[in-house]
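Colleague: Have a peek at run_10.txt (compact mmCIF, C-alpha atoms).
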```
# COMPACT_ATOMS: atom_id res chain seq x y z
CA MET A 1 0.00 0.00 0.00
CA LYS A 2 1.13 3.54 -0.70
CA ILE A 3 0.29 6.29 1.74
CA LEU A 4 0.11 9.93 0.67
CA LEU A 5 1.32 12.33 3.36
CA PRO A 6 0.56 15.97 2.51
CA VAL A 7 3.23 17.98 4.30
CA ASP A 8 3.53 21.73 4.75
CA GLY A 9 6.04 21.79 7.60
CA SER A 10 3.36 22.46 10.22
CA GLU A 11 3.39 20.48 13.45
CA ALA A 12 0.05 18.89 12.49
CA SER A 13 1.49 17.60 9.20
CA LEU A 14 4.54 16.22 11.02
CA ASP A 15 2.21 14.51 13.49
CA ALA A 16 0.60 12.79 10.49
CA VAL A 17 4.04 11.59 9.34
CA ARG A 18 4.77 10.30 12.85
CA HIS A 19 1.43 8.48 12.84
CA ALA A 20 2.21 6.78 9.52
CA LEU A 21 5.67 5.80 10.77
CA HIS A 22 4.12 4.38 13.95
CA LEU A 23 1.71 2.27 11.88
CA MET A 24 4.65 0.96 9.88
CA GLN A 25 6.58 0.16 13.07
CA GLU A 26 3.54 -1.82 14.22
CA GLY A 27 3.68 -3.93 11.06
CA LEU A 28 1.83 -2.06 8.31
CA ARG A 29 3.63 -2.69 5.04
CA ALA A 30 3.52 0.55 3.11
CA SER A 31 5.55 3.00 1.12
CA LEU A 32 5.27 6.73 1.66
CA VAL A 33 4.69 9.63 -0.70
CA LEU A 34 5.51 12.98 0.89
CA ALA A 35 3.76 15.75 -1.02
CA ASN A 36 3.80 19.52 -0.81
CA VAL A 37 1.58 21.79 -2.86
CA GLN A 38 2.30 25.50 -2.97
CA GLU A 39 -0.58 27.81 -3.79
CA PRO A 40 -0.12 29.82 -7.00
CA ALA A 41 1.54 33.21 -6.76
CA SER A 42 -0.79 36.08 -5.96
CA LEU A 43 -1.33 38.94 -8.36
CA TYR A 44 0.72 41.13 -6.03
CA GLU A 45 3.64 38.68 -6.16
CA LEU A 46 3.41 38.49 -9.94
CA LEU A 47 3.43 42.28 -10.26
CA LEU A 48 6.28 42.64 -7.80
CA ALA A 49 8.56 39.96 -9.24
CA HIS A 50 8.12 40.57 -13.00
CA ASP A 51 9.90 37.25 -13.54
CA ALA A 52 7.93 34.01 -13.86
CA GLU A 53 11.10 31.91 -13.54
CA ALA A 54 12.04 33.62 -10.26
CA ILE A 55 8.57 32.95 -8.86
CA GLU A 56 8.77 29.32 -9.97
CA ALA A 57 12.19 28.95 -8.33
CA MET A 58 10.92 30.48 -5.07
CA THR A 59 7.84 28.22 -5.13
CA HIS A 60 10.02 25.15 -5.67
CA ALA A 61 12.40 26.18 -2.87
CA ALA A 62 9.49 26.74 -0.48
CA GLY A 63 8.13 23.28 -1.32
CA VAL A 64 11.50 21.62 -0.77
CA HIS A 65 11.90 23.46 2.54
CA SER A 66 8.42 22.38 3.68
CA LEU A 67 9.32 18.72 3.09
CA GLU A 68 12.65 18.76 4.95
CA ALA A 69 11.44 17.91 8.46
CA ALA A 70 9.14 15.13 7.22
CA ALA A 71 11.91 13.67 5.08
CA ALA A 72 14.23 13.72 8.10
CA LEU A 73 11.66 11.85 10.22
CA CYS A 74 11.35 9.16 7.53
CA SER A 75 15.11 8.90 7.05
CA ASP A 76 15.69 8.65 10.80
CA ALA A 77 13.13 5.83 10.94
CA GLY A 78 14.83 4.04 8.03
CA VAL A 79 11.70 4.28 5.88
CA ASP A 80 11.92 4.81 2.14
CA PHE A 81 9.83 7.56 0.61
CA VAL A 82 9.36 9.57 -2.54
CA THR A 83 8.48 13.25 -2.75
CA GLU A 84 6.06 15.14 -4.94
CA LEU A 85 6.04 18.90 -5.34
CA GLY A 86 3.29 20.88 -6.99
CA SER A 87 1.78 24.28 -7.41
CA GLY A 88 -1.93 24.90 -7.58
CA GLU A 89 -5.07 24.46 -5.54
CA PRO A 90 -3.83 22.15 -2.76
CA ALA A 91 -6.78 19.78 -2.20
CA HIS A 92 -7.39 19.20 -5.90
CA LEU A 93 -3.71 18.60 -6.68
CA LEU A 94 -3.23 16.35 -3.63
CA ALA A 95 -6.18 14.20 -4.73
CA ASP A 96 -4.60 13.99 -8.20
CA ILE A 97 -1.24 12.98 -6.70
CA ALA A 98 -2.93 10.26 -4.62
CA GLU A 99 -4.52 8.86 -7.77
CA GLU A 100 -1.41 9.17 -9.97
CA GLN A 101 0.81 7.53 -7.34
CA GLY A 102 -1.69 4.72 -6.71
CA CYS A 103 -2.08 5.60 -3.04
CA GLY A 104 -4.60 3.60 -1.04
CA LEU A 105 -4.69 6.01 1.90
CA VAL A 106 -4.05 9.64 2.76
CA ILE A 107 -2.88 10.58 6.25
CA MET A 108 -2.80 14.29 6.94
CA GLY A 109 -2.87 16.87 9.70
CA SER A 110 -6.10 18.55 10.65
CA ARG A 111 -4.81 22.07 9.97
CA GLY A 112 -1.85 23.40 8.05
CA LYS A 113 0.33 26.46 8.41
CA GLY A 114 -2.07 28.75 6.62
CA GLU A 115 -5.19 27.76 8.52
CA THR A 116 -6.98 30.00 10.98
CA THR A 117 -6.09 29.31 14.61
CA GLY A 118 -8.93 27.80 16.58
CA THR A 119 -10.54 25.88 13.74
CA ARG A 120 -10.75 22.16 14.25
CA LEU A 121 -10.46 21.24 10.59
CA GLY A 122 -8.66 23.21 7.91
CA SER A 123 -10.02 23.86 4.45
CA VAL A 124 -7.63 21.47 2.69
CA ALA A 125 -8.37 18.63 5.13
CA HIS A 126 -12.10 19.31 4.77
CA ALA A 127 -11.90 19.26 0.98
CA MET A 128 -9.82 16.06 0.98
CA LEU A 129 -12.40 14.31 3.16
CA HIS A 130 -15.12 15.15 0.67
CA ASP A 131 -13.32 14.96 -2.68
CA CYS A 132 -10.56 12.35 -2.42
CA SER A 133 -11.32 8.95 -3.94
CA VAL A 134 -9.32 7.05 -1.28
CA PRO A 135 -9.77 6.96 2.51
CA VAL A 136 -8.40 9.97 4.40
CA THR A 137 -7.19 9.78 7.98
CA ILE A 138 -7.01 13.11 9.80
CA VAL A 139 -4.46 13.37 12.61
```
Show this structure as structure tokens.

Modeller:
Amino acid sequence: MKILLPVDGSEASLDAVRHALHLMQEGLRASLVLANVQEPASLYELLLAHDAEAIEAMTHAAGVHSLEAAAALCSDAGVDFVTELGSGEPAHLLADIAEEQGCGLVIMGSRGKGETTGTRLGSVAHAMLHDCSVPVTIV
């Protein structure tokens, strides 16, 4: 089984990685797909940068940075993983990644970095619960 782990560097997303690693330590045979989706640049960012390649490079760097802690957790646990980076509407692209990678499960945090404090369930987690074609576990 492949497990998709959407990661944005937030503590909730790292808790989801820890949960998946715990399941594997308990005997679940799975491979992991760590994914980060950056939202598209805002109009302000586009006007300010004037350089589509610079924005793409910054988006890629932000995605790589967001995956670092999760990748370190997996490496420390001796678990193999692959990474996926994307740019677009997060829930839609994450659902696409789950399908393209053949994932049978998504494990994700309840709220990411950009979510409003005090909410129990973030917008991406909510959308994944409703729109993803595979089971979603919220940590």

Colleague: Could you check how far atom CA of A:His126 sits from atom CA of A:Val139, in Å to one decimal?

Modeller: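 Going from atom CA of A:His126 over to atom CA of A:Val139, I get 12.5 Å.
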
Colleague: Here is a test: counting only C-alpha atoms, which residue of A:Asp131, A:Ala69, A:Ser75, A:Val106 is nearest to A:His92?

Modeller: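 Smallest distance to A:His92 is found for A:Asp131.
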
Colleague: Mind checking which residues fall within 10 Å of A:Pro135, counting all atoms listed in the file, ignoring those fewer than 6 positions away in the same chain, and posting them as a tab-separated table (two decimals) with C-alpha atoms, in the coordinates of the input?

Modeller:
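After the write, selection.tsv holds the following:
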```tsv
chain	number	residue	atom	x	y	z
A	103	CYS	CA	-2.08	5.60	-3.04
A	104	GLY	CA	-4.60	3.60	-1.04
A	105	LEU	CA	-4.69	6.01	1.90
A	106	VAL	CA	-4.05	9.64	2.76
A	107	ILE	CA	-2.88	10.58	6.25
A	128	MET	CA	-9.82	16.06	0.98
A	129	LEU	CA	-12.40	14.31	3.16
```

Colleague: Pick out the residues sitting within 8 Å of A:Ala70, and hand them over as a ChimeraX atom specification; count only C-alpha atoms, and ignore anything fewer than 2 positions along from it in its own chain.

Modeller: /A:7,9,14,17,34,67-68,72-74

Colleague: Next, the residues of the selection above should be written as a compact mmCIF listing (two decimals), keeping the file's coordinate frame with C-alpha atoms.

Modeller:
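Resulting contents of result_27.txt:
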```txt
# COMPACT_ATOMS: atom_id res chain seq x y z
CA VAL A 7 3.23 17.98 4.30
CA GLY A 9 6.04 21.79 7.60
CA LEU A 14 4.54 16.22 11.02
CA VAL A 17 4.04 11.59 9.34
CA LEU A 34 5.51 12.98 0.89
CA LEU A 67 9.32 18.72 3.09
CA GLU A 68 12.65 18.76 4.95
CA ALA A 72 14.23 13.72 8.10
CA LEU A 73 11.66 11.85 10.22
CA CYS A 74 11.35 9.16 7.53
```

Colleague: Would you pick out the contacts of stretch 28-30 of chain A at 8 Å or less, using only C-alpha atoms, so that residues sharing its chain but fewer than 6 positions from it are not included, and give the list as a VMD selection string?

Modeller: chain A and resid 1 to 3

Colleague: How many Å lie between atom CA of A:Glu39 and atom CA of A:Ala20, rounded to one decimal?

Modeller: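 Straight-line distance from atom CA of A:Glu39 to atom CA of A:Ala20 works out to 25.0 Å.
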
Colleague: Find the residues with any atom within 8 Å of (8.8, 22.8, -3.2); use all atoms listed in the file and the coordinates as given in the file, and write the answer as a PyMOL selection string.

Modeller: chain A and resi 36-38+59-67+85-86

Colleague: Quick one: residues within 8 Å of A:Ala91, only C-alpha atoms counted, chain neighbours fewer than 4 positions away excluded, as a PyMOL selection string?

Modeller: chain A and resi 95+124-125+127-128

Colleague: Mind giving me the straight-line distance from atom CA of A:Met108 to atom CA of A:Val136 in Å, one decimal?

Modeller: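 According to the coordinates, atom CA of A:Met108 and atom CA of A:Val136 are separated by 7.5 Å.
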
Colleague: Considering all atoms listed in the file, can you say which of A:Thr83, A:Arg111, A:Gly78, A:Pro6 comes closest to A:Ser123?

Modeller: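 Among A:Thr83, A:Arg111, A:Gly78, A:Pro6, it is A:Arg111 that comes nearest to A:Ser123.
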
Colleague: Restricting the calculation to only C-alpha atoms: of A:Ala12, A:Ala52, A:Leu121, A:Val33, which residue gets closest to A:Glu99?

Modeller: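 Looking only at the distances to A:Glu99, the closest residue turns out to be A:Val33.
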
Colleague: When you count all atoms listed in the file, which of these residues is closest to A:Arg18: A:Met58, A:Val134, A:Leu32, A:Leu94?

Modeller: A:Leu32

Colleague: Taking only C-alpha atoms, show stretch 84-114 of chain A of the given structure as a short mmCIF file (atom, residue, chain, number, x, y, z; two decimals), in the first residue's frame.

Modeller:
```
data_model
loop_
_atom_site.label_atom_id
_atom_site.label_comp_id
_atom_site.auth_asym_id
_atom_site.auth_seq_id
_atom_site.Cartn_x
_atom_site.Cartn_y
_atom_site.Cartn_z
CA GLU A 84 6.06 15.14 -4.94
CA LEU A 85 6.04 18.90 -5.34
CA GLY A 86 3.29 20.88 -6.99
CA SER A 87 1.78 24.28 -7.41
CA GLY A 88 -1.93 24.90 -7.58
CA GLU A 89 -5.07 24.46 -5.54
CA PRO A 90 -3.83 22.15 -2.76
CA ALA A 91 -6.78 19.78 -2.20
CA HIS A 92 -7.39 19.20 -5.90
CA LEU A 93 -3.71 18.60 -6.68
CA LEU A 94 -3.23 16.35 -3.63
CA ALA A 95 -6.18 14.20 -4.73
CA ASP A 96 -4.60 13.99 -8.20
CA ILE A 97 -1.24 12.98 -6.70
CA ALA A 98 -2.93 10.26 -4.62
CA GLU A 99 -4.52 8.86 -7.77
CA GLU A 100 -1.41 9.17 -9.97
CA GLN A 101 0.81 7.53 -7.34
CA GLY A 102 -1.69 4.72 -6.71
CA CYS A 103 -2.08 5.60 -3.04
CA GLY A 104 -4.60 3.60 -1.04
CA LEU A 105 -4.69 6.01 1.90
CA VAL A 106 -4.05 9.64 2.76
CA ILE A 107 -2.88 10.58 6.25
CA MET A 108 -2.80 14.29 6.94
CA GLY A 109 -2.87 16.87 9.70
CA SER A 110 -6.10 18.55 10.65
CA ARG A 111 -4.81 22.07 9.97
CA GLY A 112 -1.85 23.40 8.05
CA LYS A 113 0.33 26.46 8.41
CA GLY A 114 -2.07 28.75 6.62
#
```
